[in-house]
There are 4 protein chains.
Amino acid sequence: MKVLIDICVIPMGTGISVSEYIAECQKVFKESGLTHTMHAFGTNVEGEWDEVFAAVKKCHERVHKLGAPRISTTIRIGTRIDHSQTLEDKIKSVESKLK
Amino acid sequence: MKVLIDICVIPMGTGISVSEYIAECQKVFKESGLTHTMHAFGTNVEGEWDEVFAAVKKCHERVHKLGAPRISTTIRIGTRIDHSQTLEDKIKSVESKLK
Amino acid sequence: MKVLIDICVIPMGTGISVSEYIAECQKVFKESGLTHTMHAFGTNVEGEWDEVFAAVKKCHERVHKLGAPRISTTIRIGTRIDHSQTLEDKIKSVESKLK
Amino acid sequence: MKVLIDICVIPMGTGISVSEYIAECQKVFKESGLTHTMHAFGTNVEGEWDEVFAAVKKCHERVHKLGAPRISTTIRIGTRIDHSQTLEDKIKSVESKLK
């Protein structure tokens with residue numbers, strides 16, 4: 001099952017700035033080989049369900065290892081069985097309606 | 001790694017009422033044996049990471065099988081390594097501050 | 001326009017325990033007079049759009065005032081124009097399918 | 001109070017494709033004059049709290065008017081009082097850690 005997700009990881013019990021931890025998650029997604037794009041509030045990731053969620057788990061493990069005692073993450077998950085759709089398809093679909 | 005999640009599954013491309021699909025997810029969580037509590041906007045689930053996310057995946061599989069062509073789910077995920085905390089602990093902690 | 005929301009407020013740059021801040025939000029909702037129910041990952045709130053979002057804004061103001069330098073909140077928002085639905089209706093609708 | 005949000009609007013009780021409704025929200029944000037950027041799972045918006053949430057409310061009103069009987073939206077909200085931060089600052093902060 002293919003899945004598209006949008007993930008936002010919030011380390012807690014750390015300092016105010018959390019960019020170091022977010023950068024660690026970017027490394028996890030890069031290492032995973034999954035298609036991903038960061039925006040100002042999270043990262044879009046695309047792939048097979050098990051691979052995507054293995055990367056999500058690794059984000060939690062690595063952010064804890066880097067020093068965050070607590071993590072609060074939010075994920076949006078999209079699956080569909082009518083036809084396959086990539087992250088890029090979703091954006092193009094909206095943009096075509098705006099022309 | 002223990003995890004607490006809050007999951008809200010939204011079937012798309014179906015009718016306006018989606019309670020049949022939400023009920024199916026409740027069955028999945030019941031079958032999983034995981035501690036869980038439903039509220040008006042989702043379900044709190046508690047357990048080992050792999051077991052909890054196996055149940056999340058099963059929700060998507062079963063809701064698609066029931067007829068929803070597309071699903072948009074949101075999940076809040078909490079992990080901590082300073083000490084273990086249950087769903088019940090979280091509520092008690094806030095309630096103790098309100099006394 | 002009536003709205004049902006589910007709100008989870010995460011103070012950042014504070015200690016690991018955040019229950020003091022969550023309790024402050026419970027006070028805000030109580031003061032607002034809006035129907036609300038807390039669960040382990042947030043609070044369901046029901047009411048007119050402007051009143052509900054005035055309370056959301058007040059949560060941010062009060063949690064900052066209490067000492068949190070940064071806040072990361074997530075909200076699920078539900079509106080419908082086919083018929084009115086309360087938080088209680090949503091739960092009953094799912095429970096009726098489980099009988 | 002400045003706020004950064006990430007909003008994802010899901011029309012329910014419509015067809016499987018919802019890009020027409022998402023495009024309508026893009027028009028709302030454009031008309032609002034607020035800084036905003038769309039990604040595959042939502043839109044980042046930046047501005048004064050009241051202006052940003054006026055735009056959020058308008059999204060619901062316009063998507064209902066376009067024909068969606070029910071809407072399920074998720075929003076991530078960020079505020080901070082230690083110093084001001086734009087959407088662009090957030091991305092640069094992570095990117096600087098990845099160099």
# chains A, B, ... in the order shown; residues from 1 in each chain; ligands from 1
>>> residues_around(residues="C:Val28", least_positions_apart="5", cutoff="9 Å", atoms="only C-alpha atoms", output="ChimeraX atom specification")
/C:23,33,55-56,58-59,62
>>> write_last_selection(atoms="all heavy atoms", output="tab-separated table (two decimals), in the first residue's frame")
chain	number	residue	atom	x	y	z
C	23	ALA	N	-3.66	22.67	32.02
C	23	ALA	CA	-4.67	23.03	33.02
C	23	ALA	C	-5.14	24.48	32.79
C	23	ALA	O	-6.32	24.79	32.92
C	23	ALA	CB	-4.11	22.86	34.43
C	33	GLY	N	-17.50	29.20	28.81
C	33	GLY	CA	-18.87	28.71	28.83
C	33	GLY	C	-19.18	27.74	27.70
C	33	GLY	O	-20.31	27.27	27.57
C	55	ALA	N	-11.59	31.59	22.17
C	55	ALA	CA	-11.03	30.78	23.27
C	55	ALA	C	-9.67	30.20	22.88
C	55	ALA	O	-8.75	30.14	23.71
C	55	ALA	CB	-12.01	29.67	23.65
C	56	VAL	N	-9.54	29.79	21.62
C	56	VAL	CA	-8.25	29.25	21.15
C	56	VAL	C	-7.16	30.32	21.28
C	56	VAL	O	-6.06	30.06	21.77
C	56	VAL	CB	-8.37	28.76	19.69
C	56	VAL	CG1	-6.99	28.45	19.11
C	56	VAL	CG2	-9.29	27.53	19.59
C	58	LYS	N	-7.17	32.89	23.26
C	58	LYS	CA	-6.92	33.13	24.68
C	58	LYS	C	-6.01	32.05	25.27
C	58	LYS	O	-5.18	32.34	26.14
C	58	LYS	CB	-8.26	33.20	25.43
C	58	LYS	CG	-8.15	33.88	26.78
C	58	LYS	CD	-9.52	34.26	27.35
C	58	LYS	CE	-10.08	35.52	26.68
C	58	LYS	NZ	-11.40	35.92	27.22
C	59	CYS	N	-6.15	30.82	24.81
C	59	CYS	CA	-5.24	29.75	25.29
C	59	CYS	C	-3.79	30.15	24.99
C	59	CYS	O	-2.91	30.03	25.85
C	59	CYS	CB	-5.55	28.42	24.60
C	59	CYS	SG	-7.01	27.59	25.22
C	62	ARG	N	-2.68	33.09	27.27
C	62	ARG	CA	-2.52	32.71	28.68
C	62	ARG	C	-1.33	31.77	28.89
C	62	ARG	O	-0.66	31.84	29.92
C	62	ARG	CB	-3.81	32.07	29.19
C	62	ARG	CG	-5.00	33.05	29.22
C	62	ARG	CD	-5.17	33.71	30.58
C	62	ARG	NE	-5.66	32.75	31.52
C	62	ARG	CZ	-6.96	32.53	31.80
C	62	ARG	NH1	-7.89	33.26	31.20
C	62	ARG	NH2	-7.31	31.65	32.69
>>> interface_residues(of="chain B", to="chain C", cutoff="12 Å", atoms="only C-alpha atoms", output="VMD selection string")
chain B and resid 4 to 10 15 to 28 30 36 to 46 73 to 83 85 to 99
>>> select_by_dssp(residues="chain C", states="strand (DSSP E or B)", output="PyMOL selection string")
chain C and resi 2-12+35-39+42-48+70-80
>>> select_by_dssp(residues="stretch 56-89 of chain B", states="helix (DSSP H, G or I)", output="PyMOL selection string")
chain B and resi 56-65+87-89
>>> write_last_selection(atoms="C-alpha atoms", output="compact mmCIF listing (two decimals), in the first residue's frame")
# COMPACT_ATOMS: atom_id res chain seq x y z
CA VAL B 56 -3.13 2.03 12.33
CA LYS B 57 -2.24 0.26 9.08
CA LYS B 58 -5.04 -2.22 9.63
CA CYS B 59 -7.50 0.67 10.02
CA HIS B 60 -6.57 1.94 6.57
CA GLU B 61 -6.81 -1.55 5.05
CA ARG B 62 -10.19 -2.27 6.61
CA VAL B 63 -11.72 1.14 5.84
CA HIS B 64 -10.68 0.79 2.19
CA LYS B 65 -12.09 -2.76 2.14
CA LEU B 87 -3.00 7.85 28.75
CA GLU B 88 -4.55 7.81 32.21
CA ASP B 89 -1.43 9.41 33.74
>>> atom_distance(atom1="atom CA of C:Arg70", atom2="atom CA of C:Met12")
5.0 Å
>>> atom_distance(atom1="atom CA of D:Thr14", atom2="atom CA of D:Ala68")
6.0 Å
